Amino acid sequence: MKQVFGVFGDPVGHSLSPAMHNAAFSALGMDCIYHAFRVTPEKLEKAILGAEAMGFGGINLTVPLKEKALKLDFVKPDPLAKRIGAVNTLVFGKKGDIQGYNTDGPGAKQALLDTGVEIRGSRMVVAGAGGAARAVAFQLAADGADITVINRTEERAVGLAREISAADLPGKIRGTGLSGLKELLRDADVLINTTTLGMHPNTDATIVTAEELHSGLTVFDIVYNPLETRLLREARTSGAKTISGVLMLVYQGAEAFRLWTGVEPPLELMKKTVLEALQA
Ligand code: ATR
């Protein structure tokens, strides 16, 4: 019998995950199907337990459910997801146990490694202090990066940096307001934008322009719609290396796929499927 996988969220209609995972299942000849389900926070508990009872193969969670899922006592988070305070992947164990993971951090890490970025000791500027920044910064701190979180609301950056420092991870971390960005970038190796700036439909917005960037930088924008954000265009103009948010999207999905199936997914096909869906 076909095994069912899915993403729960609200809204969830535009999710690219069904196309990406179904392409992978089909290419590997696996008798599985992945579907998007609209689930409100009030129904999350019933939806997860229902999926487990019906033998689902695994679940992804998206907005606005990632933080709420961690508060359900039957969801057992792994240490990274617990620190981040959000889960985006649920794995159903044979004994009825439900494990929670956050694959956003691993997805970002893989996107950097793929582009040849060394993480340990690298000077990274993470712009933003929301949910995405938490996942990225906790992961990179665990891998020994030297991180500055920079955010419009300075207290949020300082708060996140304090939390990560308290977790006693190998990396160094500090938080500050946006005004110091230009100076920080001069000595940085990597800039990661986790803010919503530049996201469709406000495609003209950017955290910095080419004049503040340089060719020694790698600029990673986790925004994937549009495919090339204004920030990535500015980075290209400055001679910096660029990493598209599509890579993080694919790699977080690939990591979930591995957790559910133990099988290595076809990464190039997943990338191609996502790119086609975004261009359609
Ligand atoms: P997510 O969970 O997707 O990261 P979020 O928690 O809403 O989303 O965080 C959005 C991030 O983008 C925040 O860091 C936000 O800055 P504030 O903490 O000051 O709100 C940042 N952001 C959004 N719009 C911005 C803008 N116009 N200029 C600068 N930063 C912006």
# chains A, B, ... in the order shown; residues from 1 in each chain; ligands from 1

call {"tool": "residues_around", "arguments": {"residues": "Met248 in chain A", "least_positions_apart": "5", "cutoff": "6 Å", "atoms": "only C-alpha atoms", "output": "VMD selection string"}}
result
chain A and resid 107 to 108 111

call {"tool": "residues_near_ligand", "arguments": {"ligand": "ligand 1", "cutoff": "6 Å", "atoms": "only C-alpha atoms and all ligand atoms", "output": "list in words"}}
result
Gly128, Ala129, Gly130, Gly131, Ala132, Ala133, Asn151, Arg152, Thr153, Thr195, Thr196 and Leu197 of chain A

call {"tool": "atom_distance", "arguments": {"atom1": "CA of Glu234 in chain A", "atom2": "CA of Lys182 in chain A"}}
result
14.1 Å

call {"tool": "residues_around", "arguments": {"residues": "range 140-146 of chain A", "least_positions_apart": "4", "cutoff": "8 Å", "atoms": "only C-alpha atoms", "output": "PyMOL selection string"}}
result
chain A and resi 105+109+119-124+136+164+169-173

call {"tool": "residues_around", "arguments": {"residues": "range 212-229 of chain A", "least_positions_apart": "2", "cutoff": "7 Å", "atoms": "only C-alpha atoms", "output": "MDAnalysis selection string"}}
result
chainID A and resid 182 185 188:194 198:200 203 208:210 231:233 235 238:246 248

call {"tool": "closest_residue", "arguments": {"among": "A:Asp168, A:Glu268, A:Val117, A:Thr148", "to": "Gly180 in chain A", "atoms": "only C-alpha atoms"}}
result
A:Thr148
